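Asks: Before anything else, here's the structure in question.
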Amino acid sequence: MTFSSRWARTALAVLGAAAAVVGARAVVLATAAGARSSAAGLTVLAEPQAGSSPFLRLIDGAHTSIDLTMYELFDRSVEQALVGAAHRGVNVRVLLNGGYYSRHETTNAAAYRYLSSHGVHVRYSPTYFALTHQKTLTIDGRQSAIMTLNFDGLYPSTRDYAVLDQRPADVGAIVTTFNADYAGHREPTAPTGTGDLVWSPRAAATVLELIAAATRSIDLESEEMAYAPATAALCGAARHGVQVRVVMTYATEWRDDFSHLQGCGVSVRLYHGQRYYIHAKLLIVDGRRALVSSQNLSTGSLQYNRELGITLDERALVNQLEADFAADYRGAAT
């Protein structure tokens, strides 16, 4: 995330907070939607509808361990829940982004001080990544939340997603990678679990392959549009008859990219502070496969950061994401 994107997100979130809940569709959790989650071991949560409650419940329900990798941590309710878990004997480990490569930043300094002084094991992420932009919460080595959202308290005013994953191979891969990053051991390739995990660095090829595989439609939500090969791939798909739709929050730094995409037949719709801020990173191909991830369409995010996403093929999950995208598309300006 660039500085200007972060500033715009915060400013627009404040403007849109009151409107975020108006007309928001309720999120149906796993208890009422077993077809989405029980067979596949997966559940999709959408913000702003879900809020912080599902994540607080996960933390409060931990028995043995909590591993959290987070780009930005400002939400004191989450911090207090982590401290509460540590006080009842849970091994709580938190890995926070420390800055761009070796340049220290103070973004997470307050959270670091609070957690470390209250029994939580906290470290800053390895400096061989440009940024640690991953947002993942793992409970008891049994369930991981793979998120597009930060724990920053802005839930009422952002469009974001989380995938709750109970597949043992996926959770094991996430724990293995967390252990390596937490220890500062540089792993050449992070394990992909069942084959659906998408890690950065070096995620660009996977994203471009997903775009290239489209034969009918591409729906995309992103915070940034700063990776020329992806822009070219989207244009190429549109020129070959694929319906390509993009929903983002407007920022002047992406203006030329928006114009380029529109010029080659991509339908671009933008938010300007109405309803909420598009912070999600969502790619849906042919209404059949989706990528939910922390990865923006930027060179740094795809190639040099530590990031994590997950591809979904379960029809009910993809249909839910498609419905959310369609609502965002209708609610944005042309």
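Starting from 1 in every chain, residues are counted up; chains themselves are A, B, ... following the order of the structure tokens, and ligands are numbered from 1 as listed.
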List every residue of range 232-312 of chain A that DSSP, applied to the backbone of this structure, assigns to helix (DSSP H, G or I), and report them as a ChimeraX atom specification.

Replies: /A:232-239,252-263,299-304

Asks: Please return, as a ChimeraX atom specification, all residues of range 98-324 of chain A that DSSP assigns to strand (DSSP E) on the basis of the backbone.

Replies: /A:121-124,136-139,143-147,158-165,197-200,217-221,225-226,243-249,267-271,277-278,282-285,289-293,297-298,307-312

Asks: If I take CA of His272 in chain A and CA of Asp219 in chain A, how far is one from the other in Å, to one decimal?

Replies: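 Pair CA of His272 in chain A / CA of Asp219 in chain A returns 19.3 Å.
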
Asks: May I have a table of the residues of range 233-331 of chain A lying at most 12 Å from range 151-173 of chain A, giving each one's closest pair of atoms and their distance in Å to one decimal, counting only C-alpha atoms, ordered by chain and ascending residue number, as a tab-separated table?

Replies:
residue	atom	partner	partner_atom	distance
A:Val247	CA	A:Arg159	CA	10.8
A:Met248	CA	A:Arg159	CA	10.0
A:Thr249	CA	A:Arg159	CA	10.2
A:Tyr271	CA	A:Arg159	CA	11.1
A:Gly273	CA	A:Ser157	CA	9.6
A:Gln274	CA	A:Ser157	CA	9.7
A:Arg275	CA	A:Ser157	CA	7.4
A:Tyr276	CA	A:Ser157	CA	4.8
A:Tyr277	CA	A:Thr158	CA	4.6
A:Ile278	CA	A:Arg159	CA	5.0
A:His279	CA	A:Arg159	CA	5.6
A:Ala280	CA	A:Asp160	CA	4.3
A:Lys281	CA	A:Asp160	CA	7.6
A:Leu282	CA	A:Tyr161	CA	8.3
A:Leu283	CA	A:Tyr161	CA	11.8
A:Ala290	CA	A:Val163	CA	11.4
A:Leu291	CA	A:Val163	CA	10.4
A:Val292	CA	A:Tyr161	CA	7.2
A:Ser293	CA	A:Tyr161	CA	8.4
A:Ser294	CA	A:Tyr161	CA	9.5
A:Leu308	CA	A:Ala173	CA	11.2
A:Gly309	CA	A:Val163	CA	9.2
A:Ile310	CA	A:Val163	CA	8.0
A:Thr311	CA	A:Val163	CA	9.9
A:Leu312	CA	A:Val163	CA	9.4
A:Leu317	CA	A:Val163	CA	9.6
A:Val318	CA	A:Val163	CA	11.5
A:Gln320	CA	A:Tyr161	CA	11.2
A:Leu321	CA	A:Tyr161	CA	9.0
A:Asp324	CA	A:Arg159	CA	9.5
A:Phe325	CA	A:Arg159	CA	9.9
A:Ala327	CA	A:Arg159	CA	11.3
A:Asp328	CA	A:Arg159	CA	8.8

Asks: Where does range 180-208 of chain A meet range 118-126 of chain A within 8 Å, residue by residue, with the nearest atom pair and distance in Å to one decimal for each, counting only C-alpha atoms, listed by chain and rising number, as a Markdown table?

Replies:
| residue | atom | partner | partner_atom | distance |
| --- | --- | --- | --- | --- |
| A:Asp181 | CA | A:Pro126 | CA | 6.5 |
| A:Tyr182 | CA | A:Ser125 | CA | 7.0 |
| A:Gly184 | CA | A:Pro126 | CA | 5.7 |

Asks: Of the residues A:Thr194, A:Asn179, A:Thr215, A:Asn305, which is the one nearest to Arg239 in chain A, using only C-alpha atoms?

Replies: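 Smallest distance to Arg239 in chain A is found for A:Thr215.
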
Asks: Find the residues around Leu131 in chain A up to 7 Å (only C-alpha atoms counted), leave out those fewer than 4 positions away in its own chain, and share them as a list in words.

Replies: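 Using only C-alpha atoms, the neighbours found are Asn97, Gly99, Tyr100, Tyr101, Asn305 and Arg306 of chain A.
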
Asks: Would you kindly return, as a list in words, each protein, DNA or RNA residue with an atom no farther than 9 Å from any atom of Thr192 in chain A, considering only C-alpha atoms and excluding same-chain residues fewer than 3 positions away?

Replies: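 With the cut-off at 9 Å, the set is Ala169, Asp170, Ala173, Ile174, Thr189, Gly195, Asp196, Leu197, Val198 and Trp199 of chain A.
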
Asks: For the selection just defined, write its residues with C-alpha atoms to a file, as a PDB file, in the first residue's frame.

Replies:
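Ended up saving to again.pdb:
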ATOM      1  CA  ALA A 169      -2.947 -28.912   4.545  1.00  0.00           C
ATOM      2  CA  ASP A 170      -3.605 -25.190   4.164  1.00  0.00           C
ATOM      3  CA  ALA A 173       1.390 -24.580   5.279  1.00  0.00           C
ATOM      4  CA  ILE A 174       0.458 -21.259   6.893  1.00  0.00           C
ATOM      5  CA  THR A 189       9.204 -21.344  -1.508  1.00  0.00           C
ATOM      6  CA  GLY A 195      -2.603 -26.085  -3.888  1.00  0.00           C
ATOM      7  CA  ASP A 196      -4.925 -23.124  -3.347  1.00  0.00           C
ATOM      8  CA  LEU A 197      -2.616 -20.810  -1.357  1.00  0.00           C
ATOM      9  CA  VAL A 198      -1.001 -17.959  -3.297  1.00  0.00           C
ATOM     10  CA  TRP A 199       2.075 -16.473  -1.642  1.00  0.00           C
TER      11      TRP A 199
END

Asks: Which residues are close to Glu187 in chain A, i.e. within 10 Å by only C-alpha atoms, leaving aside same-chain residues fewer than 5 positions away? Reply as a list of chain:residue names.

Replies: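 Counting only C-alpha atoms, the residues come to A:Thr176, A:Thr177, A:Ala180, A:Asp181.
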
Asks: Find the residues near Val94 in chain A: any atom within 12 Å, counting only C-alpha atoms, skip ones fewer than 2 places away on the same chain, and give them as number ranges by chain.

Replies: A: 65-73, 78-79, 82-83, 86, 91-92, 96-98, 108, 111-116, 119-125, 135-138, 178-179, 181-183

Asks: Under the rule that only C-alpha atoms are counted, which of A:Ala190, A:Val266, A:Glu221, A:Phe258 is the nearest residue to Ala326 in chain A?

Replies: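 Using only C-alpha atoms, the shortest distance to Ala326 in chain A belongs to A:Glu221.
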
Asks: To one decimal place in Å, what is the distance between CA of Arg255 in chain A and CA of Gln243 in chain A?

Replies: 20.9 Å

Asks: Out of A:Ala332, A:Leu234, A:Met225, A:Ala323, which residue has the shortest atom-to-atom distance to Gln295 in chain A when counting only C-alpha atoms?

Replies: A:Met225

Asks: Extract, using only C-alpha atoms, all DNA, RNA and protein residues at most 9 Å from range 259-262 of chain A, discarding same-chain residues fewer than 6 positions from it, and format them as a PyMOL selection string.

Replies: chain A and resi 231-232+234-235+238+268

Asks: My list of candidates is A:Gln303, A:Gly265, A:Asp257, A:Arg289. Which is closest to Ala316 in chain A when distances are computed with only C-alpha atoms?

Replies: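 Residue with the minimum atom-to-atom distance to Ala316 in chain A: A:Arg289.
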
Asks: Measure the distance from CA of Thr148 in chain A to CA of His87 in chain A in Å and round it to one decimal.

Replies: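 Distance reported for this atom pair: 28.4 Å.
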
Asks: Quick one: of A:Ala333, A:Leu210, A:Val244, A:Leu45, who's nearest to Leu149 in chain A, counting only C-alpha atoms?

Replies: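 With only C-alpha atoms as the atom set, the closest residue is A:Leu45.
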